[in-house]
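File shown here: run_27.tsv, holding TSV, C-alpha atoms and all ligand atoms.
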chain	number	residue	atom	x	y	z
A	828	MET	CA	24.33	-7.81	-0.19
A	829	GLU	CA	24.10	-10.28	2.69
A	830	SER	CA	23.75	-8.49	6.05
A	831	ALA	CA	24.33	-9.67	9.63
A	832	THR	CA	21.32	-11.08	11.46
A	833	SER	CA	22.49	-10.61	15.05
A	834	LEU	CA	20.16	-8.54	17.23
A	835	LYS	CA	22.38	-5.61	18.16
A	836	SER	CA	21.42	-2.25	19.58
A	837	GLN	CA	21.31	0.52	16.95
A	838	THR	CA	20.00	4.06	17.10
A	839	VAL	CA	16.96	4.74	14.99
A	840	GLN	CA	17.43	7.52	12.45
A	841	ASN	CA	14.60	9.90	13.32
A	842	GLN	CA	15.15	11.54	9.94
A	843	VAL	CA	13.19	8.64	8.42
A	844	ARG	CA	9.95	10.04	9.92
A	845	GLN	CA	10.38	13.21	7.84
A	846	VAL	CA	11.38	11.92	4.41
A	847	GLY	CA	9.17	11.90	1.34
A	848	ILE	CA	8.56	9.17	-1.20
A	849	ASN	CA	10.34	8.25	-4.38
A	850	PRO	CA	7.41	9.06	-6.72
A	851	ASN	CA	8.77	6.98	-9.58
A	852	TYR	CA	6.67	3.96	-8.65
A	853	TRP	CA	3.00	3.05	-9.07
A	854	TYR	CA	0.92	3.71	-5.95
A	855	PRO	CA	-2.55	2.23	-5.26
A	856	VAL	CA	-5.24	4.82	-4.54
A	857	SER	CA	-8.54	2.91	-4.39
A	858	TRP	CA	-10.30	-0.39	-5.07
A	859	ALA	CA	-11.34	-0.17	-8.73
A	860	ASP	CA	-14.99	-1.13	-8.12
A	861	GLU	CA	-15.42	1.89	-5.85
A	862	ILE	CA	-15.35	4.27	-8.83
A	863	LYS	CA	-18.28	3.65	-11.17
A	864	PRO	CA	-18.60	5.33	-14.61
A	865	GLY	CA	-19.44	9.02	-14.23
A	866	LYS	CA	-17.99	9.21	-10.71
A	867	ILE	CA	-15.11	11.30	-9.33
A	868	MET	CA	-12.99	10.49	-6.28
A	869	LEU	CA	-10.50	12.63	-4.41
A	870	VAL	CA	-7.29	10.76	-3.59
A	871	VAL	CA	-4.05	12.01	-2.08
A	872	VAL	CA	-0.68	10.60	-3.11
A	873	TRP	CA	2.03	12.01	-0.89
A	874	GLN	CA	0.57	15.50	-0.39
A	875	GLN	CA	-0.72	15.77	-3.97
A	876	ALA	CA	-4.51	15.98	-4.20
A	877	ILE	CA	-5.72	14.20	-7.33
A	878	ALA	CA	-9.21	14.00	-8.84
A	879	VAL	CA	-9.63	10.48	-10.22
A	880	TYR	CA	-12.65	10.04	-12.48
A	881	ARG	CA	-14.12	7.27	-14.58
A	882	ASP	CA	-15.66	8.65	-17.75
A	883	THR	CA	-18.98	7.43	-19.14
A	884	GLN	CA	-17.07	4.95	-21.36
A	885	GLY	CA	-15.50	3.39	-18.24
A	886	GLN	CA	-12.03	4.86	-18.85
A	887	LEU	CA	-10.08	6.16	-15.84
A	888	HIS	CA	-8.33	9.56	-15.69
A	889	ALA	CA	-6.34	11.35	-13.00
A	890	LEU	CA	-6.06	15.16	-12.88
A	891	GLU	CA	-4.47	17.44	-10.33
A	892	ASP	CA	-7.27	18.55	-8.01
A	893	ALA	CA	-7.03	22.26	-8.85
A	894	CYS	CA	-8.80	24.06	-11.67
A	895	PRO	CA	-6.37	26.29	-13.63
A	896	HIS	CA	-9.05	29.00	-13.78
A	897	LYS	CA	-9.39	29.89	-10.10
A	898	GLY	CA	-8.09	26.85	-8.27
A	899	VAL	CA	-11.37	25.24	-7.23
A	900	ALA	CA	-10.98	21.52	-6.44
A	901	LEU	CA	-11.84	19.58	-9.57
A	902	HIS	CA	-13.21	16.59	-7.64
A	903	LYS	CA	-16.23	18.82	-6.82
A	904	GLY	CA	-17.05	18.95	-10.54
A	905	LYS	CA	-18.92	16.54	-12.78
A	906	VAL	CA	-18.14	14.05	-15.50
A	907	GLN	CA	-19.42	15.01	-18.93
A	908	GLY	CA	-18.74	12.21	-21.41
A	909	CYS	CA	-14.95	11.77	-21.42
A	910	HIS	CA	-14.35	15.14	-19.74
A	911	LEU	CA	-14.36	16.57	-16.26
A	912	ALA	CA	-16.20	19.89	-15.85
A	913	CYS	CA	-15.21	22.19	-13.01
A	914	ARG	CA	-18.10	22.91	-10.64
A	915	TYR	CA	-17.61	26.70	-10.55
A	916	HIS	CA	-17.77	27.99	-14.16
A	917	GLY	CA	-17.97	24.70	-16.02
A	918	TRP	CA	-14.59	24.80	-17.75
A	919	GLU	CA	-14.11	21.32	-19.19
A	920	PHE	CA	-10.90	19.29	-19.21
A	921	ASN	CA	-10.03	16.13	-21.08
A	922	GLY	CA	-8.09	13.21	-19.60
A	923	SER	CA	-4.78	14.81	-20.61
A	924	GLY	CA	-5.70	17.90	-18.60
A	925	GLU	CA	-6.29	20.27	-21.54
A	926	CYS	CA	-9.10	22.78	-21.31
A	927	VAL	CA	-11.40	21.80	-24.17
A	928	SER	CA	-14.44	23.98	-23.53
A	929	ILE	CA	-15.62	27.06	-21.64
A	930	PRO	CA	-19.43	27.12	-21.78
A	931	TYR	CA	-19.75	30.93	-21.92
A	932	LEU	CA	-16.93	31.62	-24.39
A	933	PRO	CA	-18.24	32.85	-27.78
A	934	LYS	CA	-17.85	30.09	-30.41
A	935	GLU	CA	-15.47	32.06	-32.63
A	936	GLN	CA	-13.10	32.82	-29.77
A	937	LYS	CA	-9.99	30.73	-29.11
A	938	LEU	CA	-9.72	28.84	-25.82
A	939	PRO	CA	-7.08	30.20	-23.43
A	940	ARG	CA	-4.14	27.95	-22.74
A	941	ALA	CA	-5.16	26.38	-19.42
A	942	GLN	CA	-3.67	23.03	-18.52
A	943	VAL	CA	-4.11	20.79	-15.47
A	944	ARG	CA	-1.45	18.25	-14.62
A	945	SER	CA	-2.59	14.74	-15.54
A	946	TYR	CA	-1.16	11.56	-14.04
A	947	PRO	CA	-0.66	8.11	-15.59
A	948	ILE	CA	-3.37	5.83	-14.21
A	949	GLN	CA	-4.23	2.16	-14.64
A	950	GLU	CA	-6.51	-0.51	-13.27
A	951	LYS	CA	-4.97	-3.82	-12.26
A	952	TYR	CA	-5.99	-6.48	-9.70
A	953	ASN	CA	-9.16	-4.51	-8.88
A	954	LEU	CA	-6.96	-1.64	-7.75
A	955	ILE	CA	-6.49	1.80	-9.27
A	956	TRP	CA	-2.83	2.75	-9.57
A	957	VAL	CA	-1.46	6.26	-10.07
A	958	PHE	CA	2.10	7.18	-11.04
A	959	PRO	CA	3.05	10.50	-9.40
A	960	GLY	CA	6.60	10.65	-10.80
A	961	ASP	CA	8.42	11.34	-14.04
A	962	LEU	CA	6.27	10.49	-17.09
A	963	LYS	CA	9.12	8.69	-18.85
A	964	ALA	CA	9.64	6.42	-15.84
A	965	ALA	CA	5.94	5.46	-15.85
A	966	VAL	CA	6.41	3.52	-19.07
A	967	THR	CA	9.19	1.28	-17.77
A	968	SER	CA	7.71	0.71	-14.32
A	969	GLN	CA	4.74	-1.51	-13.40
A	970	PRO	CA	2.68	-2.26	-10.28
A	971	PRO	CA	3.90	-5.43	-8.52
A	972	ASP	CA	3.11	-8.78	-10.14
A	973	ILE	CA	0.51	-10.83	-8.27
A	974	PRO	CA	0.45	-14.26	-9.95
A	975	GLU	CA	-1.85	-15.68	-7.24
A	976	PHE	CA	-4.64	-13.23	-8.18
A	977	ASN	CA	-7.82	-15.13	-9.16
A	978	GLN	CA	-6.21	-18.55	-8.84
A	979	PRO	CA	-9.12	-20.92	-8.16
A	980	ASP	CA	-7.34	-23.10	-5.60
A	981	LEU	CA	-6.42	-20.14	-3.38
A	982	LEU	CA	-8.66	-18.21	-1.05
A	983	MET	CA	-8.11	-14.50	-1.58
A	984	VAL	CA	-9.07	-11.95	1.06
A	985	SER	CA	-8.59	-8.22	0.50
A	986	VAL	CA	-8.21	-5.70	3.29
A	987	SER	CA	-7.55	-1.96	3.24
A	988	ALA	CA	-6.46	0.23	6.14
A	989	HIS	CA	-5.89	3.78	7.22
A	990	PHE	CA	-3.09	4.80	9.59
A	991	GLN	CA	-2.47	8.16	11.24
A	992	ALA	CA	1.26	7.64	10.82
A	993	HIS	CA	4.16	8.27	8.46
A	994	PHE	CA	4.64	5.43	5.96
A	995	SER	CA	8.02	4.52	7.52
A	996	VAL	CA	6.31	3.60	10.80
A	997	CYS	CA	3.80	1.43	8.91
A	998	ASN	CA	6.48	-0.22	6.78
A	999	GLU	CA	8.58	-1.05	9.82
A	1000	ASN	CA	5.54	-2.75	11.34
A	1001	ALA	CA	5.24	-4.96	8.24
A	1002	MET	CA	8.92	-6.01	8.47
A	1003	ASP	CA	8.77	-6.51	12.24
A	1004	VAL	CA	8.12	-10.22	12.82
A	1005	PHE	CA	9.28	-9.78	16.44
A	1006	HIS	CA	5.94	-8.32	17.48
A	1007	GLY	CA	4.02	-11.61	17.73
A	1008	PHE	CA	3.69	-10.65	21.41
A	1009	LEU	CA	1.07	-8.09	20.40
A	1010	HIS	CA	-1.12	-10.70	18.70
A	1011	GLU	CA	-0.86	-13.31	21.47
A	1012	ASN	CA	-4.62	-13.38	22.14
A	1013	LEU	CA	-5.34	-14.01	18.43
A	1014	GLN	CA	-3.14	-17.13	18.30
A	1015	GLY	CA	-0.46	-15.23	16.40
A	1016	TRP	CA	3.06	-16.55	15.87
A	1017	PHE	CA	5.74	-16.92	18.55
A	1018	GLU	CA	9.50	-17.64	19.03
A	1019	PRO	CA	10.60	-15.53	16.03
A	1020	VAL	CA	14.18	-15.77	14.76
A	1021	LEU	CA	15.78	-13.72	11.98
A	1022	LEU	CA	17.57	-16.27	9.77
A	1023	SER	CA	18.88	-14.17	6.90
A	1024	LEU	CA	18.85	-10.62	5.64
A	1025	GLN	CA	19.69	-9.27	2.20
A	1026	GLU	CA	19.74	-5.69	1.02
A	1027	THR	CA	19.69	-4.48	-2.58
A	1028	GLU	CA	19.24	-1.06	-4.25
A	1029	SER	CA	15.46	-1.31	-3.98
A	1030	ALA	CA	14.66	-4.14	-1.57
A	1031	VAL	CA	15.13	-5.61	1.90
A	1032	LEU	CA	14.67	-9.39	1.88
A	1033	ALA	CA	14.37	-11.09	5.25
A	1034	GLU	CA	13.87	-14.71	6.17
A	1035	TYR	CA	12.51	-15.37	9.64
A	1036	GLN	CA	11.46	-18.50	11.43
A	1037	VAL	CA	8.28	-18.52	13.52
A	1038	SER	CA	6.20	-21.03	15.42
A	1039	TYR	CA	2.45	-21.56	15.40
A	1040	GLN	CA	0.01	-23.58	17.47
A	1041	GLY	CA	-3.77	-23.75	17.79
A	1042	ARG	CA	-6.91	-24.39	15.78
A	1043	MET	CA	-6.70	-21.26	13.64
A	1044	ALA	CA	-3.13	-22.15	12.62
A	1045	LYS	CA	-4.30	-25.64	11.64
A	1046	PHE	CA	-7.23	-24.29	9.60
A	1047	LEU	CA	-4.93	-21.93	7.72
A	1048	GLY	CA	-2.52	-24.78	7.00
A	1049	LEU	CA	0.20	-23.30	9.23
A	1050	SER	CA	0.48	-26.35	11.47
A	1051	GLU	CA	-0.38	-30.02	11.05
A	1052	ARG	CA	-2.05	-30.44	14.41
A	1053	ALA	CA	-3.74	-27.86	16.61
A	1054	ASP	CA	-2.12	-29.20	19.79
A	1055	ARG	CA	1.45	-29.27	18.43
A	1056	VAL	CA	3.93	-26.49	17.81
A	1057	THR	CA	4.99	-26.12	14.16
A	1058	THR	CA	8.05	-24.07	13.23
A	1059	ILE	CA	8.25	-22.70	9.69
A	1060	PRO	CA	10.21	-20.11	7.69
A	1061	ILE	CA	8.50	-16.88	6.67
A	1062	TYR	CA	9.88	-14.56	3.99
A	1063	VAL	CA	9.26	-10.84	4.33
A	1064	GLN	CA	10.28	-8.76	1.35
A	1065	TYR	CA	10.09	-5.00	1.26
A	1066	ARG	CA	10.29	-4.32	-2.45
A	1067	TYR	CA	10.11	-0.55	-2.35
A	1068	PRO	CA	7.46	0.82	-2.00
A	1069	HIS	CA	5.35	-2.34	-1.37
A	1070	TYR	CA	5.56	-5.64	0.52
A	1071	TYR	CA	5.50	-9.28	-0.45
A	1072	THR	CA	5.42	-11.77	2.42
A	1073	PHE	CA	5.00	-15.51	2.07
A	1074	ILE	CA	5.13	-18.89	3.75
A	1075	GLU	CA	6.07	-21.34	1.02
A	1076	GLY	CA	3.10	-23.41	-0.20
A	1077	ILE	CA	0.77	-22.06	2.51
A	1078	SER	CA	0.00	-18.37	2.25
A	1079	SER	CA	1.14	-15.07	0.82
A	1080	LEU	CA	0.45	-11.41	1.40
A	1081	TYR	CA	0.82	-8.49	-0.99
A	1082	LEU	CA	0.72	-5.28	0.99
A	1083	MET	CA	0.58	-2.13	-1.12
A	1084	ARG	CA	1.32	1.15	0.59
A	1085	LEU	CA	-0.06	4.59	-0.17
A	1086	PRO	CA	1.85	7.37	1.64
A	1087	VAL	CA	-0.58	10.27	2.07
A	1088	SER	CA	1.23	12.83	4.20
A	1089	LEU	CA	3.85	13.11	6.95
A	1090	THR	CA	1.31	11.72	9.42
A	1091	GLU	CA	-1.06	9.64	7.29
A	1092	SER	CA	-0.79	6.45	5.26
A	1093	ARG	CA	-3.09	3.88	3.70
A	1094	SER	CA	-2.69	0.29	2.63
A	1095	PHE	CA	-4.36	-2.14	0.27
A	1096	ALA	CA	-3.62	-5.81	0.86
A	1097	PHE	CA	-4.34	-9.20	-0.67
A	1098	PHE	CA	-3.97	-12.32	1.44
A	1099	PHE	CA	-3.91	-15.69	-0.30
A	1100	PHE	CA	-4.46	-18.91	1.65
A	1101	LYS	CA	-4.12	-22.45	0.45
A	1102	ILE	CA	-7.06	-23.98	2.29
A	1103	ARG	CA	-6.85	-27.76	2.46
A	1104	LEU	CA	-10.37	-28.50	1.32
A	1105	PRO	CA	-11.47	-30.07	-1.99
A	1106	ARG	CA	-12.34	-27.41	-4.58
A	1107	TRP	CA	-16.02	-28.51	-4.75
A	1108	ILE	CA	-16.38	-27.74	-1.05
A	1109	LEU	CA	-14.23	-24.61	-1.08
A	1110	LYS	CA	-15.95	-22.89	-4.03
A	1111	PRO	CA	-19.47	-22.49	-2.58
A	1112	ILE	CA	-18.22	-21.42	0.84
A	1113	THR	CA	-15.57	-19.00	-0.47
A	1114	PRO	CA	-17.62	-15.77	-0.01
A	1115	LEU	CA	-18.48	-16.77	3.57
A	1116	LEU	CA	-14.88	-17.72	4.38
A	1117	GLN	CA	-13.65	-14.42	2.94
A	1118	ILE	CA	-15.97	-12.44	5.20
A	1119	LEU	CA	-15.15	-14.52	8.28
A	1120	LEU	CA	-11.40	-14.34	7.74
A	1121	GLN	CA	-11.54	-10.63	7.01
A	1122	ARG	CA	-13.73	-9.66	9.98
A	1123	PHE	CA	-12.71	-12.13	12.66
A	1124	VAL	CA	-9.04	-12.65	11.90
A	1125	LEU	CA	-7.30	-10.13	9.65
A	1126	LEU	CA	-9.10	-6.96	10.78
A	1127	LYS	CA	-8.48	-7.94	14.40
A	1128	PHE	CA	-4.73	-8.30	13.78
A	1129	LEU	CA	-4.83	-5.03	11.86
A	1130	ALA	CA	-6.63	-3.13	14.63
A	1131	GLN	CA	-3.89	-4.14	17.07
A	1132	ASP	CA	-1.18	-3.03	14.63
A	1133	ILE	CA	-2.91	0.30	13.92
A	1134	GLU	CA	-3.07	1.06	17.64
A	1135	MET	CA	0.69	0.44	18.05
A	1136	VAL	CA	1.71	2.32	14.90
A	1137	GLU	CA	-0.40	5.37	15.76
A	1138	SER	CA	0.89	5.38	19.33
A	1139	GLU	CA	4.47	5.29	18.00
A	1140	GLN	CA	3.76	8.24	15.69
A	1141	LYS	CA	2.11	10.26	18.45
A	1142	THR	CA	5.06	9.86	20.81
A	1143	TYR	CA	7.46	10.78	18.01
A	1144	LEU	CA	5.50	13.96	17.22
A	1145	ALA	CA	5.40	15.01	20.86
A	1146	ASN	CA	9.21	15.04	20.90
A	1147	PRO	CA	10.96	14.50	17.56
A	1148	GLN	CA	14.38	14.62	19.28
A	1149	ARG	CA	13.72	11.61	21.51
A	1150	ARG	CA	16.18	8.78	20.93
A	1151	TYR	CA	14.92	5.28	20.13
A	1152	VAL	CA	16.77	1.98	20.18
A	1153	GLU	CA	16.21	-0.84	17.68
A	1154	ILE	CA	17.81	-4.28	17.75
A	1155	ASN	CA	16.35	-5.86	14.60
A	1156	PRO	CA	18.75	-5.16	11.68
A	1157	ALA	CA	15.89	-5.71	9.19
A	1158	ILE	CA	14.11	-2.64	10.57
A	1159	ILE	CA	17.26	-0.52	10.28
A	1160	ALA	CA	17.61	-1.79	6.69
A	1161	VAL	CA	14.02	-0.71	5.90
A	1162	GLN	CA	14.74	2.75	7.31
A	1163	GLN	CA	17.93	3.04	5.28
A	1164	LEU	CA	16.15	1.99	2.10
A	1165	ILE	CA	13.35	4.54	2.60
A	1166	ILE	CA	15.92	7.32	3.13
A	1167	LYS	CA	18.05	6.15	0.19
A	1168	GLN	CA	15.13	5.97	-2.25
A	1169	TYR	CA	14.05	9.47	-1.30
A	1170	GLU	CA	17.56	10.91	-1.51
A	1171	GLN	CA	18.18	9.26	-4.89
A	1172	PHE	CA	14.99	10.81	-6.23
A	1173	VAL	CA	15.85	14.28	-4.84
A	1174	GLN	CA	19.36	14.09	-6.29
A	1175	LYS	CA	18.12	13.02	-9.73
A	1176	CYS	CA	15.42	15.66	-9.99
A	1177	CYS	CA	17.65	18.50	-8.76
A	1178	ASN	CA	20.60	17.74	-11.06
B	1	LIG	S1	-12.69	27.84	-11.07
B	1	LIG	FE1	-12.94	26.15	-12.35
B	1	LIG	S2	-14.09	26.88	-13.97
B	1	LIG	FE2	-13.76	28.61	-12.77
B	2	FE	FE	1.04	-7.21	13.36

Could you quickly redo this structure as structure tokens?
Ligand code: FES
Ligand SMILES: [Fe+2]
Amino acid sequence: MESATSLKSQTVQNQVRQVGINPNYWYPVSWADEIKPGKIMLVVVWQQAIAVYRDTQGQLHALEDACPHKGVALHKGKVQGCHLACRYHGWEFNGSGECVSIPYLPKEQKLPRAQVRSYPIQEKYNLIWVFPGDLKAAVTSQPPDIPEFNQPDLLMVSVSAHFQAHFSVCNENAMDVFHGFLHENLQGWFEPVLLSLQETESAVLAEYQVSYQGRMAKFLGLSERADRVTTIPIYVQYRYPHYYTFIEGISSLYLMRLPVSLTESRSFAFFFFKIRLPRWILKPITPLLQILLQRFVLLKFLAQDIEMVESEQKTYLANPQRRYVEINPAIIAVQQLIIKQYEQFVQKCCN
């Protein structure tokens, strides 16, 4: 559905700061190389604590972080072969969550029926993905496609972040191209215009136009000359629950969101840049460029965004009844989609 692009005053639906997720999608929980064989990590996917472990064969498993014996957190336990043993009495669970051994139970005695919830888990693009929803839906759904991943002519930079804010506040920030003002000192973009807006069942697709100028913009291929203003279209697509943003032929960003709680969110992002250098020059300097871009460009932008997003959340919490005004229809569309996805899930699971 094509929506109007005029900047008109609309009241923000505060309800969006209280809604949950639609769990029938894959959510990223960690970089894959952060969990080595034999290690356990506690992750939280929308208020559900999950013990993710990599067994000694390298296989990943995800179990609810509560032992069915007395409720002790399973992430405090230890990996024994393919199993996870609870720290307290050593009850052992396999990757499907079945209790397969109790060390002090006489051999001839049958194991009690004690089951932990297990979650579908997979490793893709050096990320670990967990599916917190309906098991049947896990089979038909997949993490987003990232065709640029490991393409030799692109420079990939990965960045993760932590926000003390509801995921709606973070997702509005990612759709909000009108905040170039914030990044002025970092040679961010300016003169934004919303050119088109489309809404579907599961996505908000916006096309903006922005202008760039300066040496950084030239290096990143955003403008031809550092001293001239270049105006280009930028596509921002909120494909629930993650983002895909791109500038045709120049750069793209895959921003994967992990909603943790009503006041906490995380993100895992891949930036891809088409650097205009011959491959034989680019290849040896890639690790250095990745570090420089991450530390001195992307993390600086991110720090400014985190400050705004957390300030927004804090003010909301201090007075949840306060009325806010938005004029960008793309932000209202993101809010409506978040509410709709949650309501659809609630309706389906309660009927
Ligand atoms: S609480 Fe886990 S084994 Fe007893
Ligand atoms: Fe920003």

Environment of ligand LIG 1 (chain B) within 9 Å, counting all atoms listed in the file, reported as an MDAnalysis selection string: chainID A and resid 893:901 904 912:919 929

Please write the residues from the selection above to a file, keeping C-alpha atoms, as a PDB file, in the coordinates of the input.
ATOM      1  CA  ALA A 893      -7.030  22.260  -8.850  1.00  0.00           C
ATOM      2  CA  CYS A 894      -8.800  24.060 -11.670  1.00  0.00           C
ATOM      3  CA  PRO A 895      -6.370  26.290 -13.630  1.00  0.00           C
ATOM      4  CA  HIS A 896      -9.050  29.000 -13.780  1.00  0.00           C
ATOM      5  CA  LYS A 897      -9.390  29.890 -10.100  1.00  0.00           C
ATOM      6  CA  GLY A 898      -8.090  26.850  -8.270  1.00  0.00           C
ATOM      7  CA  VAL A 899     -11.370  25.240  -7.230  1.00  0.00           C
ATOM      8  CA  ALA A 900     -10.980  21.520  -6.440  1.00  0.00           C
ATOM      9  CA  LEU A 901     -11.840  19.580  -9.570  1.00  0.00           C
ATOM     10  CA  GLY A 904     -17.050  18.950 -10.540  1.00  0.00           C
ATOM     11  CA  ALA A 912     -16.200  19.890 -15.850  1.00  0.00           C
ATOM     12  CA  CYS A 913     -15.210  22.190 -13.010  1.00  0.00           C
ATOM     13  CA  ARG A 914     -18.100  22.910 -10.640  1.00  0.00           C
ATOM     14  CA  TYR A 915     -17.610  26.700 -10.550  1.00  0.00           C
ATOM     15  CA  HIS A 916     -17.770  27.990 -14.160  1.00  0.00           C
ATOM     16  CA  GLY A 917     -17.970  24.700 -16.020  1.00  0.00           C
ATOM     17  CA  TRP A 918     -14.590  24.800 -17.750  1.00  0.00           C
ATOM     18  CA  GLU A 919     -14.110  21.320 -19.190  1.00  0.00           C
ATOM     19  CA  ILE A 929     -15.620  27.060 -21.640  1.00  0.00           C
TER      20      ILE A 929
END

Near-ligand residues for ligand FE 2 (chain B), threshold 10 Å, all atoms listed in the file, as a ChimeraX atom specification: /A:1000-1010,1015-1016,1125,1127-1133,1135-1136

Keeping only C-alpha atoms, take the residues you just selected and write them out as a PDB file, in the coordinates of the input.
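Result file follows (part10.pdb):
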ATOM      1  CA  ASN A1000       5.540  -2.750  11.340  1.00  0.00           C
ATOM      2  CA  ALA A1001       5.240  -4.960   8.240  1.00  0.00           C
ATOM      3  CA  MET A1002       8.920  -6.010   8.470  1.00  0.00           C
ATOM      4  CA  ASP A1003       8.770  -6.510  12.240  1.00  0.00           C
ATOM      5  CA  VAL A1004       8.120 -10.220  12.820  1.00  0.00           C
ATOM      6  CA  PHE A1005       9.280  -9.780  16.440  1.00  0.00           C
ATOM      7  CA  HIS A1006       5.940  -8.320  17.480  1.00  0.00           C
ATOM      8  CA  GLY A1007       4.020 -11.610  17.730  1.00  0.00           C
ATOM      9  CA  PHE A1008       3.690 -10.650  21.410  1.00  0.00           C
ATOM     10  CA  LEU A1009       1.070  -8.090  20.400  1.00  0.00           C
ATOM     11  CA  HIS A1010      -1.120 -10.700  18.700  1.00  0.00           C
ATOM     12  CA  GLY A1015      -0.460 -15.230  16.400  1.00  0.00           C
ATOM     13  CA  TRP A1016       3.060 -16.550  15.870  1.00  0.00           C
ATOM     14  CA  LEU A1125      -7.300 -10.130   9.650  1.00  0.00           C
ATOM     15  CA  LYS A1127      -8.480  -7.940  14.400  1.00  0.00           C
ATOM     16  CA  PHE A1128      -4.730  -8.300  13.780  1.00  0.00           C
ATOM     17  CA  LEU A1129      -4.830  -5.030  11.860  1.00  0.00           C
ATOM     18  CA  ALA A1130      -6.630  -3.130  14.630  1.00  0.00           C
ATOM     19  CA  GLN A1131      -3.890  -4.140  17.070  1.00  0.00           C
ATOM     20  CA  ASP A1132      -1.180  -3.030  14.630  1.00  0.00           C
ATOM     21  CA  ILE A1133      -2.910   0.300  13.920  1.00  0.00           C
ATOM     22  CA  MET A1135       0.690   0.440  18.050  1.00  0.00           C
ATOM     23  CA  VAL A1136       1.710   2.320  14.900  1.00  0.00           C
TER      24      VAL A1136
END

Shell of 7 Å around Thr832 (chain A), only C-alpha atoms, local chain residues under 6 positions omitted, as an MDAnalysis selection string: chainID A and resid 1021:1024 1156

Selection to disk with C-alpha atoms, as a PDB file, in the coordinates of the input:
ATOM      1  CA  LEU A1021      15.780 -13.720  11.980  1.00  0.00           C
ATOM      2  CA  LEU A1022      17.570 -16.270   9.770  1.00  0.00           C
ATOM      3  CA  SER A1023      18.880 -14.170   6.900  1.00  0.00           C
ATOM      4  CA  LEU A1024      18.850 -10.620   5.640  1.00  0.00           C
ATOM      5  CA  PRO A1156      18.750  -5.160  11.680  1.00  0.00           C
TER       6      PRO A1156
END

Among listed residues A:Val871, A:Val1020, A:Leu1082, A:Val839, nearest Cys997 (chain A) (using only C-alpha atoms):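 Looking only at the distances to Cys997 (chain A), the closest residue turns out to be A:Leu1082.
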
Polymer residues at most 9 Å from Val957 (chain A), only C-alpha atoms, same-chain spacing of 2 or more positions, as a list in words: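 My reading of the contact set: Tyr852, Trp853, Tyr854, Pro855, Val856, Val872, Ala889, Tyr946, Pro947, Ile948, Gln949, Ile955 and Pro959 of chain A.
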